[in-house]
Amino acid sequence: MAQDLIDELADGAWRLFTDDAEKWDLYSADEHLAAGLVHARPRETARLADVLRGHAVLVLQPDCMAGRLAQQCLAIVRREGFEPVHWRRVRTEPHVTAAMWRYQSSSSTRVSLELAEAICSRDESIVVLLRDTTAVREEPASLRLTALKGPSDTTRRQPHQLRSVLGSPTKLVVLIHTSDEPKDMVRELAILVPDAMAEFYEAMSVAASPTTVASLESAVAELEARGPVHDLDLEASFERLRGVLVERLEDADDQGAGLRATAGDLLERLDRAREGVEPLDSDVFASGVEAFGVDGFSWDALVVATQLVEHDLPGVRRLLAGGGAG
């Protein structure tokens with residue numbers, strides 16, 4: 001059944017799902033797109049495209065929960081005409097992250113990929129299906145939501161975009177993800193909710209339950225309550241970590257020579273990376289702070305590391321343009 005849809009797409013119907021010919025060339029042999037098309041409803045290509053154009057997928061990530069920003073995010077997207085019609089809690093394990101950003105992250109360094117995996121797998125995320133309720137729809141809902149979200153690159157964001165408003169501090173601590181366009185929705189639902197795809201496609205075709213928003217907000221509150229709140233502030237995170245290391249140096253008489261040297265080395269590495277002299281060695285950084293009782297994958301450590309490490313392999317082109325974990 002999926003092959004029938006793929007054959008129609010190959011005959012030119014792919015233009016109903018994406019304007020990007022390069023993306024179609026990559027996705028046409030993608031196993032996740034094929035798996036998504038098995039469950040996609042309705043089966044007619046044009047009708048499926050129309051249904052998908054009216055919906056968008058938003059992922060509220062663990063960093064969004066830690067910052068207590070999910071409710072604010074939902075309030076903004078609802079104000080912009082996107083109404084939740086279905087949702088599901090998921091845990092984005094490393095193999096899921098790798099599949100999601102397979103094409104965009106082909107030029108990413110090992111360290112950047114590991115940090116993205118650490119953020120996404122830290123706790124559960126919530127995958128939210130949104131319906132575009134605006135009267136005039138000139139573009140797919142997914143495209144409109146992605147434009148509202150903003151890019152992962154902090155230097156390219158506009159003040160009105162969600163990641164700016166919510167305060168995403170770095171290119172990996174990005175708080176939310178959206179499926180860029182209809183073809184991405186089919187592929188990413190197969191990756192994120194493989195056992196619940198039928199539910200999501202059914203929800204696209206029926207009226208939303210009046211309890212959907214309340215149950216979603218309850219799920220958000222439950223996930224937020226599972227961990228301490230964090231400000232996700234880059235400067236504050238840096239100063240907290242630096243303060244721990246400075247304290248160790250000031251207590252030098254009570255520390256072994258090895259720990260004093262480690263604290264001094266980490267301070268120097270952090271300062272050099274912050275000044276742009278050289279990228280932070282994430283492995284040395286994580287093991288070093290752990291020597292002083294700081295979790296190398298704490299939110300302080302993740303916020304700082306994602307700002308200071310090298311993210312891109314020099315001279316390596318991404319298979320598909322766009323952000324990495326975004």
# chains A, B, ... in the order shown; residues from 1 in each chain; ligands from 1

call {"tool": "residues_around", "arguments": {"residues": "Leu302 in chain A", "least_positions_apart": "3", "cutoff": "8 Å", "atoms": "only C-alpha atoms", "output": "JSON, numbers by chain"}}
result
{"A": [115, 119, 173, 296, 297, 298, 299, 305, 306]}

call {"tool": "residues_around", "arguments": {"residues": "Ala208 in chain A", "least_positions_apart": "2", "cutoff": "7 Å", "atoms": "only C-alpha atoms", "output": "MDAnalysis selection string"}}
result
chainID A and resid 85 206 210

call {"tool": "residues_around", "arguments": {"residues": "Leu267 in chain A", "least_positions_apart": "4", "cutoff": "12 Å", "atoms": "only C-alpha atoms", "output": "CSV table (one decimal) with C-alpha atoms, in the first residue's frame"}}
result
chain,number,residue,atom,x,y,z
A,238,PHE,CA,28.5,29.6,33.1
A,239,GLU,CA,29.0,31.6,36.3
A,241,LEU,CA,30.0,26.3,36.9
A,242,ARG,CA,32.9,28.7,37.1
A,243,GLY,CA,32.0,29.4,40.7
A,244,VAL,CA,32.4,25.8,41.6
A,245,LEU,CA,35.8,25.7,40.0
A,246,VAL,CA,37.0,28.9,41.6
A,247,GLU,CA,35.8,27.7,45.0
A,248,ARG,CA,37.9,24.6,44.6
A,249,LEU,CA,41.0,26.7,43.8
A,260,ARG,CA,43.7,21.8,42.0
A,261,ALA,CA,45.3,21.2,38.7
A,262,THR,CA,42.0,19.9,37.2
A,263,ALA,CA,40.1,23.0,38.4
A,271,ASP,CA,37.7,31.0,29.5
A,272,ARG,CA,39.6,30.3,26.2
A,273,ALA,CA,36.5,28.8,24.7
A,274,ARG,CA,34.3,31.7,25.8
A,280,LEU,CA,35.7,23.5,24.4
A,284,VAL,CA,37.5,16.8,29.2
A,285,PHE,CA,34.9,19.3,30.4
A,288,GLY,CA,36.4,17.4,34.8
A,289,VAL,CA,33.3,18.9,36.3

call {"tool": "closest_residue", "arguments": {"among": "A:Arg269, A:His86, A:Arg156, A:His177", "to": "Phe200 in chain A", "atoms": "only C-alpha atoms"}}
result
A:His86

call {"tool": "select_by_dssp", "arguments": {"residues": "range 1-230 of chain A", "states": "strand (DSSP E)", "output": "MDAnalysis selection string"}}
result
chainID A and resid 55:60 82:90 125:132 176:178

call {"tool": "write_last_selection", "arguments": {"atoms": "C-alpha atoms", "output": "PDB file, in the first residue's frame"}}
result
ATOM      1  CA  HIS A  55      -1.963  20.269  10.476  1.00  0.00           C
ATOM      2  CA  ALA A  56       1.450  20.633  12.085  1.00  0.00           C
ATOM      3  CA  VAL A  57       3.572  18.683  14.560  1.00  0.00           C
ATOM      4  CA  LEU A  58       5.161  20.337  17.593  1.00  0.00           C
ATOM      5  CA  VAL A  59       7.531  18.549  19.970  1.00  0.00           C
ATOM      6  CA  LEU A  60       7.911  19.945  23.490  1.00  0.00           C
ATOM      7  CA  PHE A  82      -2.969  26.401  16.067  1.00  0.00           C
ATOM      8  CA  GLU A  83      -5.229  24.187  18.166  1.00  0.00           C
ATOM      9  CA  PRO A  84      -4.059  20.906  19.768  1.00  0.00           C
ATOM     10  CA  VAL A  85      -6.066  17.939  18.503  1.00  0.00           C
ATOM     11  CA  HIS A  86      -3.922  15.027  19.720  1.00  0.00           C
ATOM     12  CA  TRP A  87      -0.758  14.387  21.719  1.00  0.00           C
ATOM     13  CA  ARG A  88       1.433  11.650  23.093  1.00  0.00           C
ATOM     14  CA  ARG A  89       4.333  11.431  25.530  1.00  0.00           C
ATOM     15  CA  VAL A  90       7.477   9.872  24.058  1.00  0.00           C
ATOM     16  CA  SER A 125       8.955  14.837  25.345  1.00  0.00           C
ATOM     17  CA  ILE A 126       5.401  15.502  24.193  1.00  0.00           C
ATOM     18  CA  VAL A 127       4.485  15.218  20.513  1.00  0.00           C
ATOM     19  CA  VAL A 128       1.551  17.526  19.806  1.00  0.00           C
ATOM     20  CA  LEU A 129      -0.598  17.463  16.681  1.00  0.00           C
ATOM     21  CA  LEU A 130      -1.899  20.958  15.916  1.00  0.00           C
ATOM     22  CA  ARG A 131      -4.686  22.038  13.569  1.00  0.00           C
ATOM     23  CA  ASP A 132      -4.458  25.344  11.734  1.00  0.00           C
ATOM     24  CA  ILE A 176      10.953  22.725  20.722  1.00  0.00           C
ATOM     25  CA  HIS A 177      10.957  20.990  17.362  1.00  0.00           C
ATOM     26  CA  THR A 178       8.504  21.212  14.479  1.00  0.00           C
TER      27      THR A 178
END

call {"tool": "closest_atom_pairs", "arguments": {"of": "range 93-168 of chain A", "to": "range 7-30 of chain A", "cutoff": "12 Å", "atoms": "only C-alpha atoms", "output": "Markdown table"}}
result
| residue | atom | partner | partner_atom | distance |
| --- | --- | --- | --- | --- |
| A:Ala99 | CA | A:Asp30 | CA | 10.2 |
| A:Met100 | CA | A:Asp30 | CA | 11.5 |
| A:Arg102 | CA | A:Asp30 | CA | 10.4 |
| A:Tyr103 | CA | A:Leu26 | CA | 8.4 |
| A:Gln104 | CA | A:Lys23 | CA | 10.7 |
| A:Glu139 | CA | A:Thr18 | CA | 11.1 |
| A:Pro140 | CA | A:Phe17 | CA | 9.0 |
| A:Ala141 | CA | A:Phe17 | CA | 11.8 |
| A:Ser142 | CA | A:Phe17 | CA | 10.7 |
| A:Leu143 | CA | A:Thr18 | CA | 10.0 |

call {"tool": "closest_residue", "arguments": {"among": "A:Asp300, A:Leu113, A:Arg47, A:Gln307", "to": "Thr154 in chain A", "atoms": "only C-alpha atoms"}}
result
A:Gln307

call {"tool": "atom_distance", "arguments": {"atom1": "CA of Leu216 in chain A", "atom2": "CA of Ser121 in chain A"}}
result
20.1 Å

call {"tool": "residues_around", "arguments": {"residues": "Glu31 in chain A", "least_positions_apart": "4", "cutoff": "12 Å", "atoms": "only C-alpha atoms", "output": "list of chain:residue names"}}
result
A:Ala2, A:Gln3, A:Ile6, A:Leu26, A:Tyr27, A:Ala35, A:Gly36, A:Leu37, A:Val38, A:Ala99, A:Met100, A:Arg102, A:Val186, A:Arg187, A:Glu188, A:Ala190, A:Ile191

call {"tool": "write_last_selection", "arguments": {"atoms": "C-alpha atoms", "output": "CSV table (one decimal), in the first residue's frame"}}
result
chain,number,residue,atom,x,y,z
A,2,ALA,CA,2.8,2.4,0.8
A,3,GLN,CA,4.4,1.5,-2.5
A,6,ILE,CA,5.4,6.2,-3.3
A,26,LEU,CA,16.6,11.8,-0.4
A,27,TYR,CA,13.3,10.8,1.1
A,35,ALA,CA,6.7,3.3,7.1
A,36,GLY,CA,4.7,6.5,7.6
A,37,LEU,CA,2.9,6.0,4.3
A,38,VAL,CA,1.7,2.6,5.4
A,99,ALA,CA,16.9,9.0,12.7
A,100,MET,CA,15.1,12.4,13.0
A,102,ARG,CA,19.8,12.0,9.8
A,186,VAL,CA,4.8,11.7,7.5
A,187,ARG,CA,8.4,10.7,8.1
A,188,GLU,CA,8.7,12.0,11.6
A,190,ALA,CA,6.8,7.2,11.9
A,191,ILE,CA,9.9,7.9,13.9

call {"tool": "residues_around", "arguments": {"residues": "Met65 in chain A", "least_positions_apart": "6", "cutoff": "8 Å", "atoms": "only C-alpha atoms", "output": "PyMOL selection string"}}
result
chain A and resi 220+223-224

call {"tool": "residues_around", "arguments": {"residues": "Pro182 in chain A", "least_positions_apart": "2", "cutoff": "6 Å", "atoms": "only C-alpha atoms", "output": "ChimeraX atom specification"}}
result
/A:17,52,184-185

call {"tool": "atom_distance", "arguments": {"atom1": "CA of Gln158 in chain A", "atom2": "CA of Ile76 in chain A"}}
result
15.4 Å

call {"tool": "closest_residue", "arguments": {"among": "A:Ser215, A:Ser164, A:Ser282, A:Ser237", "to": "Gly150 in chain A", "atoms": "only C-alpha atoms"}}
result
A:Ser164

call {"tool": "atom_distance", "arguments": {"atom1": "CA of Trp101 in chain A", "atom2": "CA of Arg163 in chain A"}}
result
18.6 Å

call {"tool": "residues_around", "arguments": {"residues": "Ala225 in chain A", "least_positions_apart": "6", "cutoff": "12 Å", "atoms": "only C-alpha atoms", "output": "PDB file with C-alpha atoms, in the first residue's frame"}}
result
ATOM      1  CA  PRO A  62      12.900  18.016  27.955  1.00  0.00           C
ATOM      2  CA  MET A  65      10.005  21.238  30.506  1.00  0.00           C
ATOM      3  CA  ALA A  66      13.048  22.045  32.642  1.00  0.00           C
ATOM      4  CA  GLY A  67      12.615  25.738  31.875  1.00  0.00           C
ATOM      5  CA  ARG A  68       8.855  25.572  32.627  1.00  0.00           C
ATOM      6  CA  ASP A 123      13.339  12.799  29.956  1.00  0.00           C
ATOM      7  CA  SER A 218      -1.978  18.091  32.727  1.00  0.00           C
ATOM      8  CA  ALA A 219       0.706  15.985  31.008  1.00  0.00           C
TER       9      ALA A 219
END

call {"tool": "closest_residue", "arguments": {"among": "A:Leu189, A:Cys120, A:Leu234, A:Leu320", "to": "Gln61 in chain A", "atoms": "only C-alpha atoms"}}
result
A:Cys120

call {"tool": "decode", "arguments": {"residues": "range 54-81 of chain A", "atoms": "N, CA and C atoms", "output": "short mmCIF file (atom, residue, chain, number, x, y, z; two decimals), in the first residue's frame"}}
result
data_model
loop_
_atom_site.label_atom_id
_atom_site.label_comp_id
_atom_site.auth_asym_id
_atom_site.auth_seq_id
_atom_site.Cartn_x
_atom_site.Cartn_y
_atom_site.Cartn_z
N GLY A 54 -3.29 21.02 6.57
CA GLY A 54 -4.05 21.70 7.63
C GLY A 54 -3.54 21.43 9.03
N HIS A 55 -2.46 20.66 9.15
CA HIS A 55 -1.96 20.27 10.48
C HIS A 55 -0.45 20.47 10.58
N ALA A 56 0.02 20.48 11.81
CA ALA A 56 1.45 20.63 12.08
C ALA A 56 1.81 19.81 13.31
N VAL A 57 3.08 19.45 13.42
CA VAL A 57 3.57 18.68 14.56
C VAL A 57 4.55 19.54 15.36
N LEU A 58 4.31 19.61 16.65
CA LEU A 58 5.16 20.34 17.59
C LEU A 58 5.66 19.35 18.64
N VAL A 59 6.96 19.38 18.92
CA VAL A 59 7.53 18.55 19.97
C VAL A 59 8.03 19.44 21.09
N LEU A 60 7.47 19.24 22.29
CA LEU A 60 7.91 19.94 23.49
C LEU A 60 8.99 19.09 24.14
N GLN A 61 10.23 19.57 24.13
CA GLN A 61 11.38 18.77 24.51
C GLN A 61 11.67 18.86 26.01
N PRO A 62 12.56 17.99 26.52
CA PRO A 62 12.90 18.02 27.95
C PRO A 62 13.44 19.36 28.44
N ASP A 63 14.21 20.07 27.61
CA ASP A 63 14.72 21.37 28.04
C ASP A 63 13.59 22.38 28.19
N CYS A 64 12.56 22.25 27.36
CA CYS A 64 11.38 23.11 27.49
C CYS A 64 10.68 22.86 28.82
N MET A 65 10.61 21.59 29.22
CA MET A 65 10.01 21.24 30.51
C MET A 65 10.85 21.75 31.67
N ALA A 66 12.16 21.60 31.57
CA ALA A 66 13.05 22.05 32.64
C ALA A 66 12.94 23.55 32.85
N GLY A 67 12.74 24.29 31.77
CA GLY A 67 12.61 25.74 31.88
C GLY A 67 11.21 26.20 32.21
N ARG A 68 10.26 25.25 32.35
CA ARG A 68 8.85 25.57 32.63
C ARG A 68 8.30 26.51 31.55
N LEU A 69 8.59 26.17 30.30
CA LEU A 69 8.23 27.03 29.18
C LEU A 69 7.16 26.43 28.27
N ALA A 70 6.75 25.18 28.54
CA ALA A 70 5.83 24.49 27.65
C ALA A 70 4.45 25.15 27.63
N GLN A 71 3.95 25.54 28.80
CA GLN A 71 2.62 26.17 28.84
C GLN A 71 2.63 27.49 28.08
N GLN A 72 3.70 28.26 28.23
CA GLN A 72 3.81 29.53 27.50
C GLN A 72 3.85 29.27 26.00
N CYS A 73 4.60 28.23 25.60
CA CYS A 73 4.69 27.88 24.19
C CYS A 73 3.30 27.52 23.64
N LEU A 74 2.57 26.68 24.36
CA LEU A 74 1.24 26.28 23.90
C LEU A 74 0.29 27.48 23.81
N ALA A 75 0.41 28.39 24.76
CA ALA A 75 -0.45 29.58 24.73
C ALA A 75 -0.16 30.42 23.49
N ILE A 76 1.11 30.52 23.12
CA ILE A 76 1.47 31.32 21.95
C ILE A 76 0.97 30.67 20.67
N VAL A 77 1.18 29.37 20.52
CA VAL A 77 0.76 28.73 19.27
C VAL A 77 -0.76 28.74 19.14
N ARG A 78 -1.47 28.62 20.25
CA ARG A 78 -2.93 28.70 20.19
C ARG A 78 -3.37 30.11 19.80
N ARG A 79 -2.69 31.11 20.32
CA ARG A 79 -3.00 32.49 19.95
C ARG A 79 -2.75 32.73 18.46
N GLU A 80 -1.81 31.97 17.89
CA GLU A 80 -1.49 32.12 16.47
C GLU A 80 -2.39 31.26 15.57
N GLY A 81 -3.38 30.61 16.17
CA GLY A 81 -4.35 29.87 15.36
C GLY A 81 -4.09 28.39 15.22
#
